[in-house]
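For reference, the structure is listed below as structure tokens.
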Amino acid sequence: MKFQDIISERKRVLEIRKKYQPLADLKDNIKRVKLRTDFRKALNKEEDVSIISEYKPASPSLGEISQRTVGDVVPLFEEGGVSAVSVLTEESFFKSNIDNLKLACRITRLPLLRKDFILDPYQIYEARAYGASAVLLMADLYPDLREGIELCDYLDLGALVECKNHEEIDRAIKAGAEIIGINNRDFNDFKIDLGRTEKLANRVPSNVTLVSESGVQGPENVNFLSKLGVDAILVGSSIMQTSNILEKVKELVSAGENSKTSR
């Protein structure tokens, strides 16, 4: 299975979604969905590195990760003290869907990130209509990054722009990104290397919120990334795999407290 296989499947499903729920319907729904907590503001803490916990039932590299539902885990995330929740909404490879975002919206007041392969403005409107506070835009995937960020601004959504090299970070900054994520996962072979954040963190200006994504297993990883000047850390698999989610979340949140280092 290759990254391009995921994108091809995403495009196929996207066309079905557009027919099932036209853009005009999404715009009507947006009028009825209240704005949530500011995603970026929730991550930016003076002394603490924030933890974003992720609902992730499966992945291409691990297969099935957990049979727990959004209703099972999101209250534990909130009780554990995370700053925000990421909800994967891709159906075929991550075994989730957009309705899980709507459910999460109903059961927590925490800001919600829609994590998906966003290819089209439709998906940004969809995220807002289903209760998201922010969406993830991949710097090398979204067709016009500046327009995507501007649409997010128009809809009062945060835009977490995911990058994996110097060139993409520079592109994100030029496009107006206020939140940049460094993905430690290589989509060619799905291997993890926290050294990617180590190499790229200084490339991100101090006035831009920096998120390190993927690969965190425990407090020692949080401590390592904190010293690199990250503002937040997104954690999915290791939280979803554990037998005691609440204990795991508290452990990671505690490691992030009073650990923030300036870039």
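Chains: A, B, ... in order of the structure tokens. Residues: from 1 per chain. Ligands: from 1, in order shown.
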
Item to complete: Determine, counting only C-alpha atoms, which protein, DNA and RNA residues have an atom within 12 Å of an atom of A:Ser238; residues of the same chain fewer than 4 positions away are not included. Present the result as an MDAnalysis selection string.
Response: chainID A and resid 53:58 62 65:66 214:219 221 234 242:245 248:249 251:252

At a cut-off of 7 Å, can you tabulate as a Markdown table every residue of stretch 41-135 of chain A near stretch 146-166 of chain A together with its closest atom pair and the distance in Å to one decimal, using only C-alpha atoms and ordering rows by chain then number?
| residue | atom | partner | partner_atom | distance |
| --- | --- | --- | --- | --- |
| A:Pro121 | CA | A:Gly148 | CA | 6.9 |
| A:Ser133 | CA | A:Leu157 | CA | 5.3 |
| A:Ala134 | CA | A:Gly158 | CA | 4.1 |
| A:Val135 | CA | A:Ala159 | CA | 5.3 |

Practice prompt. Write out as number ranges by chain all residues of stretch 6-225 of chain A that DSSP puts in alpha helix (DSSP H) for this structure's backbone.
Written response: A: 6-20, 23-30, 39-43, 70-80, 98-107, 121-129, 145-154, 166-174, 195-200, 219-225

Show me a table, sorted first by chain and then by increasing residue number, of the residues of stretch 193-229 of chain A having an atom at most 8 Å from stretch 256-261 of chain A, each with its shortest atom pair and the distance in Å to one decimal, counting only C-alpha atoms and written as CSV.
residue,atom,partner,partner_atom,distance
A:Val222,CA,A:Gly256,CA,6.4
A:Asn223,CA,A:Gly256,CA,7.1
A:Ser226,CA,A:Lys260,CA,5.6
A:Lys227,CA,A:Thr261,CA,5.5
A:Leu228,CA,A:Thr261,CA,6.8
A:Gly229,CA,A:Thr261,CA,4.7

Worksheet item: To one decimal place, how far is atom CA of A:Ser237 from atom CA of A:Ser59 in Å?
Response: 8.6 Å

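Take the candidates A:Val235, A:Met240, A:Ile6, A:Val82 and check each one against A:Asp48 using only C-alpha atoms; the shortest distance goes to A:Val82.
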
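Between atom CA of A:Arg106 and atom CA of A:Ile239 the separation is 21.5 Å.
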
Worksheet entry | stretch 7-179 of chain A: residues DSSP assigns to strand (DSSP E or B), reported as a PyMOL selection string | chain A and resi 50-55+58-59+63-64+84-88+112-115+134-138+158-163+179
